Each structure stands twice: as structure tokens, then as C-alpha cells.
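Student: Mind having a look at this structure? Questions to follow.
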Amino acid sequence: MTFSEWIAEPVNWAFLAMAIPMVLAALRVVTSRNVVHAALFLVLALAASAGLFILLSAEFVAWVLVLVYIGAVVVLFLFGIMITRAPIGRETNLSHNTRWPAAAAALGVFAVTFWLINAVTEQMGGFGDPLPAVGRATATGILGEGFINRYLIPFEAVGFVLLAALIGGITLARKDLTPAEEEEGARV
Amino acid sequence: MILSQFLVLGALLFSIGVYGLLSRRNAVTVLLAVELMLAAVNINLIAFEAFWNTAAAHGQIFAIFVITIAAAEVGIGLAIILLVFRNRASGNIDQLDLMRW
């Protein structure tokens with residue numbers, strides 16, 4: 001498929017309309033000098049990825065992403081920024097002073113992954129064919145059946161991990177009271 | 001739409017996450033970079049699901065597992081950062097050299 005054929009499909013315009021803001025927002029997440037802006041640009045990147053999931057006919061995952069990430073995780077991040085008194089506002093030392101090793105490592109990762117994608121595409125074939133699932137909705141019931149049949153044990157394990165994270169988060173974050181303060185609390 | 005465009009987008013997003021992970025000093029922003037990398041993984045999972053088009057939607061189930069684990073990771077990570085902040089009055093990871101030899 002040539003590029004002119006690819007760009008002629010309207011759905012690819014939708015893809016670009018989400019992919020380009022996503023990459024730009026991701027760049028701002030890692031370069032912004034303001035922690036709150038970085039967290040809010042993450043919202044933009046994740047919202048764009050939810051849009052891509054809808055294009056790929058994974059509606060349920062897209063809305064789970066919106067609920068869990070944009071609704072909860074980013075709020076948690078903003079609370080974390082506020083509570084840890086991370087520098088709100090413009091701050092110059094959020095990143096290391098020498099950044100070229102990090103940029104070199106990132107470029108290396110991208111080069112290797114890109115080379116792998118090319119190599120596998122040549123080997124396998126079919127990577128350039130139109131995706132079969134596009135334009136067809138995935139019934140959410142299929143996901144539910146998967147969770148209670150084949151993936152029951154991972155499902156339970158993930159629930160246990162969430163419980164452990166909940167308890168661990170509370171124990172880590174609570175303030176240890178001194179004996180005098182404990183007495184005070186017992187009297188009140 | 002073809003599969004390769006999503007794979008390249010995922011690779012790009014993952015590399016941006018690697019850059020943020022290595023170049024950031026503030027611990028909260030390091031966690032934000034990790035979230036970007038997990039988002040890249042999710043794009044790959046969903047794209048491969050659309051490619052193989054399995055009857056039981058295995059790729060989407062795995063993406064939901066990734067989202068769940070990421071939520072747990074953020075909760076614990078922020079609690080640890082909060083604790084470090086309380087004890088050392090700093091959220092910069094290069095000042096956490098207590099275990100460095």
C-alpha cells in the first residue's frame with residue numbers, strides 16, 4: 001500500500017487527528033517544566049489513545065481507559081503533586097542537566113523497535129493489510145465471559161493485587177502518631 | 001488502517017516514555033513517563049487484537065489487566081513518594097542515594 005492510497009482512506013485522517021496530538025502531548029509530558037501541566041498533557045495523550053481504541057473497535061477498553069486513567073489516575077497524580085508539595089508552577093530543575101544520554105537511549109529504543117517492526121513485517125506479511133476488526137463493535141459480553149472463564153485466576157490475582165495496593169498505600173501514606181498524640185486521639 | 005501504523009505509534013510513544021524516565025529528576029514526573037510507556041503497550045495490545053481478531057478478544061482482556069496493574073502501581077508509587085517526601089523533604093530521585101554504594 002502506497003502512502004497516497006493510505007492517506008486517501010478517511011479513517012486514516014481520524015487516526016492522524018488523534019496520533020499527532022498524542023505524540024505532541026507525550027513530548028510535552030516529558031519536557032514540560034511544570035508538573036501540573038505535565039499531568040494534564042498526560043490526560044490529552046490518554047484521551048487520544050482512548051479515541052484510537054474506539055477506531056480499533058475496542059469500545060469497552062476505551063471507556064475503561066477514560067474512567068480509570070482520566071477519572072482516577074490523573075486525579076491521584078494531581079493529589080500527589082499537591083500533597084508532596086512538588087514544585088507547582090514553573091520549575092527549572094525537574095529534569096537532569098545532561099539529557100543527551102537519555103535522548104540517545106530513547107532514540108536507540110525507537111531504532112531497534114522500528115527495525116524489528118520492519119523485519120517482522122517482511123517476514124510475516126499481512127501487516128500492511130487492512131485490519132479485519134475495524135468498523136465492527138466488540139460485544140462487551142465476550143470480555144466478561146473471558147474474565148470469568150479462561151482468565152478467572154488472573155482476574156482474581158489482579159483483584160488481590162489491587163487490595164494489596166490499597167492496604168499498602170494506606171499504611172505507607174498514613175502518619176505515625178507519637179504516643180502523646182495517640183492518647184489525645186483516644187480521649188477525643 | 002493497517003497494523004504497522006499502530007506499531008510505529010506505539011514505538012514512538014514508548015521511546016518518549018523512555019526519554020522521560022531517564023531524563024526526569026522529579027519522582028512524580030518519572031511516574032508520568034511510566035504511564036506513557038504503559039499506554040504504548042496498550043496500543044500494541046489493542047492493535048494486535050484488531051489484527052488477529054480473535055473470537056474471545058484476548059488482546060482487550062490483557063489491555064484491561066495492564067490498566068488495572070498501572071492503577072495499582074500509581075497508588076503505591078505515589079504513597080512511596082509521599083513517604084520519601086516526608087522523611088527527606090525532597091522528591092528528586094537523584095537525592096535518594098541512601099542505598100548507593
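Chain identifiers are assigned as A, B, and so on, following the order in which chains appear in the C-alpha cells; residues are numbered from 1 within each chain, and ligands are numbered from 1 in order of appearance.
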Please find the residues of chain A near chain B - the criterion being any atom within 7 Å, counting only C-alpha atoms - and write them as JSON, numbers by chain.
Tutor: {"A": [11, 12, 23, 26, 27, 30, 35, 39, 53, 56, 61, 73, 80, 84, 86, 94, 95, 96, 99, 102, 103, 106, 107, 109, 110, 113, 114, 127, 128, 129, 130, 131, 132, 133, 134, 142, 143, 146, 162, 165, 168, 169, 172, 173]}
Student: Can you write just those residues out, N, CA and C atoms, as a short mmCIF file (atom, residue, chain, number, x, y, z; two decimals), in the first residue's frame?
Tutor:
data_model
loop_
_atom_site.label_atom_id
_atom_site.label_comp_id
_atom_site.auth_asym_id
_atom_site.auth_seq_id
_atom_site.Cartn_x
_atom_site.Cartn_y
_atom_site.Cartn_z
N VAL A 11 -10.57 7.08 7.36
CA VAL A 11 -10.32 6.63 8.73
C VAL A 11 -8.89 6.92 9.14
N ASN A 12 -7.99 7.00 8.13
CA ASN A 12 -6.62 7.34 8.46
C ASN A 12 -6.47 8.81 8.81
N VAL A 23 1.25 12.31 20.17
CA VAL A 23 2.71 12.33 20.25
C VAL A 23 3.20 13.69 20.78
N ALA A 26 2.57 13.77 24.42
CA ALA A 26 3.54 12.91 25.12
C ALA A 26 4.88 13.61 25.24
N LEU A 27 5.29 14.32 24.18
CA LEU A 27 6.55 15.07 24.25
C LEU A 27 6.49 16.14 25.33
N VAL A 30 7.00 14.79 28.91
CA VAL A 30 8.36 14.53 29.37
C VAL A 30 9.24 15.76 29.33
N VAL A 35 4.93 20.65 36.63
CA VAL A 35 4.45 19.29 36.92
C VAL A 35 2.96 19.16 36.61
N ALA A 39 1.06 16.58 33.98
CA ALA A 39 -0.03 15.65 34.30
C ALA A 39 -1.23 15.90 33.40
N PHE A 53 -8.54 3.50 20.42
CA PHE A 53 -9.16 2.22 20.77
C PHE A 53 -10.55 2.13 20.14
N LEU A 56 -10.25 1.19 16.70
CA LEU A 56 -9.90 -0.22 16.58
C LEU A 56 -11.01 -1.12 17.11
N VAL A 61 -12.69 -1.13 26.30
CA VAL A 61 -11.38 -0.77 26.82
C VAL A 61 -11.19 0.74 26.77
N VAL A 73 -6.65 7.99 37.85
CA VAL A 73 -5.19 8.02 37.99
C VAL A 73 -4.66 9.44 37.92
N GLY A 80 -1.25 13.81 44.40
CA GLY A 80 0.13 13.53 44.78
C GLY A 80 1.01 14.75 44.63
N THR A 84 2.66 16.19 48.03
CA THR A 84 4.12 16.16 48.20
C THR A 84 4.72 17.53 48.03
N ALA A 86 5.22 19.06 45.52
CA ALA A 86 6.09 19.12 44.36
C ALA A 86 6.01 20.53 43.82
N LEU A 94 13.31 20.20 37.10
CA LEU A 94 12.52 18.96 37.07
C LEU A 94 13.28 17.85 36.38
N SER A 95 14.13 18.22 35.43
CA SER A 95 14.89 17.22 34.67
C SER A 95 16.37 17.34 35.01
N HIS A 96 17.13 16.31 34.65
CA HIS A 96 18.57 16.36 34.83
C HIS A 96 19.16 17.41 33.91
N ARG A 99 20.91 15.82 29.35
CA ARG A 99 19.80 14.99 28.89
C ARG A 99 20.16 14.17 27.67
N ALA A 102 19.90 10.31 27.89
CA ALA A 102 18.51 9.83 27.87
C ALA A 102 17.95 9.88 26.46
N ALA A 103 18.24 10.98 25.73
CA ALA A 103 17.75 11.10 24.35
C ALA A 103 18.36 10.02 23.48
N ALA A 106 16.63 6.75 24.25
CA ALA A 106 15.29 6.72 23.67
C ALA A 106 15.36 6.50 22.16
N LEU A 107 16.31 7.21 21.50
CA LEU A 107 16.46 7.02 20.05
C LEU A 107 16.86 5.59 19.74
N VAL A 109 16.17 2.87 21.52
CA VAL A 109 14.98 2.02 21.69
C VAL A 109 14.09 2.12 20.46
N PHE A 110 13.87 3.39 20.00
CA PHE A 110 13.00 3.56 18.84
C PHE A 110 13.59 2.90 17.60
N THR A 113 13.21 -0.92 17.85
CA THR A 113 11.81 -1.34 17.69
C THR A 113 11.37 -1.16 16.24
N PHE A 114 11.75 -0.03 15.64
CA PHE A 114 11.37 0.23 14.26
C PHE A 114 11.97 -0.81 13.32
N PHE A 127 0.95 -7.46 7.63
CA PHE A 127 0.93 -6.29 8.50
C PHE A 127 0.45 -5.06 7.73
N GLY A 128 0.58 -5.09 6.40
CA GLY A 128 0.13 -3.95 5.62
C GLY A 128 -1.31 -4.10 5.13
N ASP A 129 -1.95 -5.22 5.45
CA ASP A 129 -3.34 -5.42 5.01
C ASP A 129 -4.29 -4.63 5.91
N PRO A 130 -5.47 -4.29 5.42
CA PRO A 130 -6.43 -3.61 6.28
C PRO A 130 -6.78 -4.48 7.49
N LEU A 131 -6.93 -3.84 8.65
CA LEU A 131 -7.24 -4.58 9.86
C LEU A 131 -8.65 -5.15 9.77
N PRO A 132 -8.84 -6.44 10.08
CA PRO A 132 -10.16 -7.04 9.89
C PRO A 132 -11.22 -6.57 10.88
N ALA A 133 -10.79 -6.20 12.11
CA ALA A 133 -11.78 -5.91 13.15
C ALA A 133 -12.34 -4.50 13.05
N VAL A 134 -11.80 -3.68 12.14
CA VAL A 134 -12.18 -2.26 12.14
C VAL A 134 -13.60 -2.11 11.63
N ILE A 142 -18.35 -10.66 25.49
CA ILE A 142 -17.22 -11.54 25.20
C ILE A 142 -16.12 -11.34 26.23
N LEU A 143 -15.87 -10.05 26.56
CA LEU A 143 -14.83 -9.75 27.55
C LEU A 143 -15.22 -10.32 28.92
N GLY A 146 -14.68 -13.96 29.01
CA GLY A 146 -13.26 -14.24 29.14
C GLY A 146 -12.79 -14.09 30.57
N LEU A 162 -4.84 -5.40 43.64
CA LEU A 162 -5.48 -4.11 43.93
C LEU A 162 -5.72 -3.93 45.42
N ALA A 165 -2.49 -3.23 47.03
CA ALA A 165 -2.07 -1.85 46.74
C ALA A 165 -2.85 -0.88 47.61
N GLY A 168 -1.48 -1.28 51.15
CA GLY A 168 -0.12 -0.75 51.17
C GLY A 168 -0.09 0.75 51.05
N GLY A 169 -0.94 1.30 50.19
CA GLY A 169 -0.98 2.75 50.03
C GLY A 169 -1.39 3.43 51.33
N LEU A 172 1.47 3.03 53.94
CA LEU A 172 2.65 3.85 53.62
C LEU A 172 2.37 5.32 53.87
N ALA A 173 1.17 5.75 53.50
CA ALA A 173 0.94 7.19 53.47
C ALA A 173 0.45 7.74 54.81
#
Student: Would you please give, as JSON, numbers by chain, all residues of chain B that DSSP assigns to alpha helix (DSSP H) based on the backbone?
Tutor: {"B": [3, 4, 5, 6, 7, 8, 9, 10, 11, 12, 13, 14, 15, 16, 17, 18, 19, 20, 21, 22, 23, 27, 28, 29, 30, 31, 32, 33, 34, 35, 36, 37, 38, 39, 40, 41, 42, 43, 44, 45, 46, 47, 48, 49, 50, 51, 52, 58, 59, 60, 61, 62, 63, 64, 65, 66, 67, 68, 69, 70, 71, 72, 73, 74, 75, 76, 77, 78, 79, 80, 81, 82, 83, 84, 85, 86, 87, 88]}
Student: Those same residues - C-alpha atoms - I'd like them written as a tab-separated table (two decimals), in the first residue's frame.
Tutor:
chain	number	residue	atom	x	y	z
B	3	LEU	CA	-1.26	-2.77	11.70
B	4	SER	CA	2.14	-1.15	11.13
B	5	GLN	CA	0.94	2.39	11.74
B	6	PHE	CA	-0.16	1.46	15.27
B	7	LEU	CA	3.08	-0.40	15.94
B	8	VAL	CA	5.16	2.62	14.87
B	9	LEU	CA	2.98	4.92	17.01
B	10	GLY	CA	3.43	2.58	19.97
B	11	ALA	CA	7.21	2.50	19.43
B	12	LEU	CA	7.31	6.31	19.26
B	13	LEU	CA	5.28	6.67	22.44
B	14	PHE	CA	7.38	4.08	24.26
B	15	SER	CA	10.61	5.86	23.28
B	16	ILE	CA	9.23	9.17	24.52
B	17	GLY	CA	8.43	7.40	27.79
B	18	VAL	CA	11.99	6.03	27.98
B	19	TYR	CA	13.36	9.52	27.45
B	20	GLY	CA	11.16	10.91	30.23
B	21	LEU	CA	12.05	8.04	32.57
B	22	LEU	CA	15.77	8.70	32.15
B	23	SER	CA	15.82	12.47	31.95
B	27	ALA	CA	9.80	11.37	41.08
B	28	VAL	CA	6.21	12.30	40.15
B	29	THR	CA	7.24	13.11	36.57
B	30	VAL	CA	9.11	9.79	36.36
B	31	LEU	CA	5.82	8.04	37.18
B	32	LEU	CA	4.10	10.09	34.44
B	33	ALA	CA	6.70	8.79	31.95
B	34	VAL	CA	6.00	5.21	33.08
B	35	GLU	CA	2.30	5.82	32.37
B	36	LEU	CA	3.20	6.85	28.82
B	37	MET	CA	5.10	3.60	28.31
B	38	LEU	CA	2.14	1.58	29.58
B	39	ALA	CA	-0.15	3.47	27.19
B	40	ALA	CA	2.16	2.44	24.34
B	41	VAL	CA	1.87	-1.19	25.43
B	42	ASN	CA	-1.92	-0.91	25.46
B	43	ILE	CA	-1.97	0.48	21.92
B	44	ASN	CA	0.08	-2.51	20.76
B	45	LEU	CA	-2.21	-4.99	22.53
B	46	ILE	CA	-5.39	-3.47	21.06
B	47	ALA	CA	-3.88	-3.17	17.58
B	48	PHE	CA	-2.78	-6.81	17.57
B	49	GLU	CA	-6.23	-7.80	18.82
B	50	ALA	CA	-7.76	-5.97	15.84
B	51	PHE	CA	-5.21	-7.72	13.60
B	52	TRP	CA	-5.78	-11.29	14.75
B	58	HIS	CA	-7.70	-11.86	24.34
B	59	GLY	CA	-5.84	-8.66	23.50
B	60	GLN	CA	-8.52	-6.45	25.02
B	61	ILE	CA	-8.61	-8.55	28.19
B	62	PHE	CA	-4.85	-8.15	28.54
B	63	ALA	CA	-5.15	-4.41	27.99
B	64	ILE	CA	-7.63	-4.22	30.89
B	65	PHE	CA	-5.17	-6.17	33.07
B	66	VAL	CA	-2.43	-3.68	32.15
B	67	ILE	CA	-4.70	-0.75	33.05
B	68	THR	CA	-5.52	-2.35	36.42
B	69	ILE	CA	-1.89	-3.01	37.30
B	70	ALA	CA	-0.98	0.53	36.23
B	71	ALA	CA	-3.60	1.94	38.61
B	72	ALA	CA	-2.19	-0.12	41.49
B	73	GLU	CA	1.33	0.95	40.56
B	74	VAL	CA	0.43	4.64	40.62
B	75	GLY	CA	-1.22	4.30	44.03
B	76	ILE	CA	1.77	2.55	45.60
B	77	GLY	CA	4.28	4.76	43.76
B	78	LEU	CA	2.68	7.97	44.96
B	79	ALA	CA	2.46	6.62	48.51
B	80	ILE	CA	6.20	5.85	48.44
B	81	ILE	CA	6.98	9.30	47.02
B	82	LEU	CA	4.84	10.85	49.75
B	83	LEU	CA	6.76	8.92	52.42
B	84	VAL	CA	10.13	9.88	50.93
B	85	PHE	CA	9.00	13.48	50.81
B	86	ARG	CA	8.03	13.41	54.46
B	87	ASN	CA	11.38	11.96	55.51
B	88	ARG	CA	13.80	13.74	53.19
Student: Which residue out of A:Asn149, A:Asn34, A:Thr2, A:Ser57 has the minimum interatomic distance to Asn93 in chain A when only C-alpha atoms are used?
Tutor: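 Ranked by minimum distance to Asn93 in chain A, first place goes to A:Asn34.
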Student: Could you tell me, as a VMD selection string, which residues of chain B DSSP assigns to strand (DSSP E or B) when given the backbone?
Tutor: chain B and resid 2 24 26 92
Student: Please produce an output containing C-alpha atoms for each residue in the selection, written as a short mmCIF file (atom, residue, chain, number, x, y, z; two decimals), in the first residue's frame.
Tutor:
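File written: part_33.cif
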data_model
loop_
_atom_site.label_atom_id
_atom_site.label_comp_id
_atom_site.auth_asym_id
_atom_site.auth_seq_id
_atom_site.Cartn_x
_atom_site.Cartn_y
_atom_site.Cartn_z
CA ILE B 2 -3.03 -1.19 8.75
CA ARG B 24 13.45 13.44 34.76
CA ASN B 26 11.30 14.71 39.99
CA ASN B 92 14.17 14.33 43.47
#
Student: Can you tell me how far CA of Phe3 in chain A sits from CA of Glu122 in chain A, in Å to one decimal?
Tutor: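 We find that CA of Phe3 in chain A and CA of Glu122 in chain A lie 17.4 Å from each other.
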Student: May I have the residues within 7 Å of Ala38 in chain A as a list in words, using only C-alpha atoms and disregarding those fewer than 4 positions away in the same chain?
Tutor: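 Contacts, with the query itself left out: Arg28, Val29, Ser32, Asn34 and Leu42 of chain A.
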Student: Could you state the separation of CA of Arg136 in chain A and CA of Glu5 in chain A in Å, given to one decimal place?
Tutor: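 The value is 22.1 Å.
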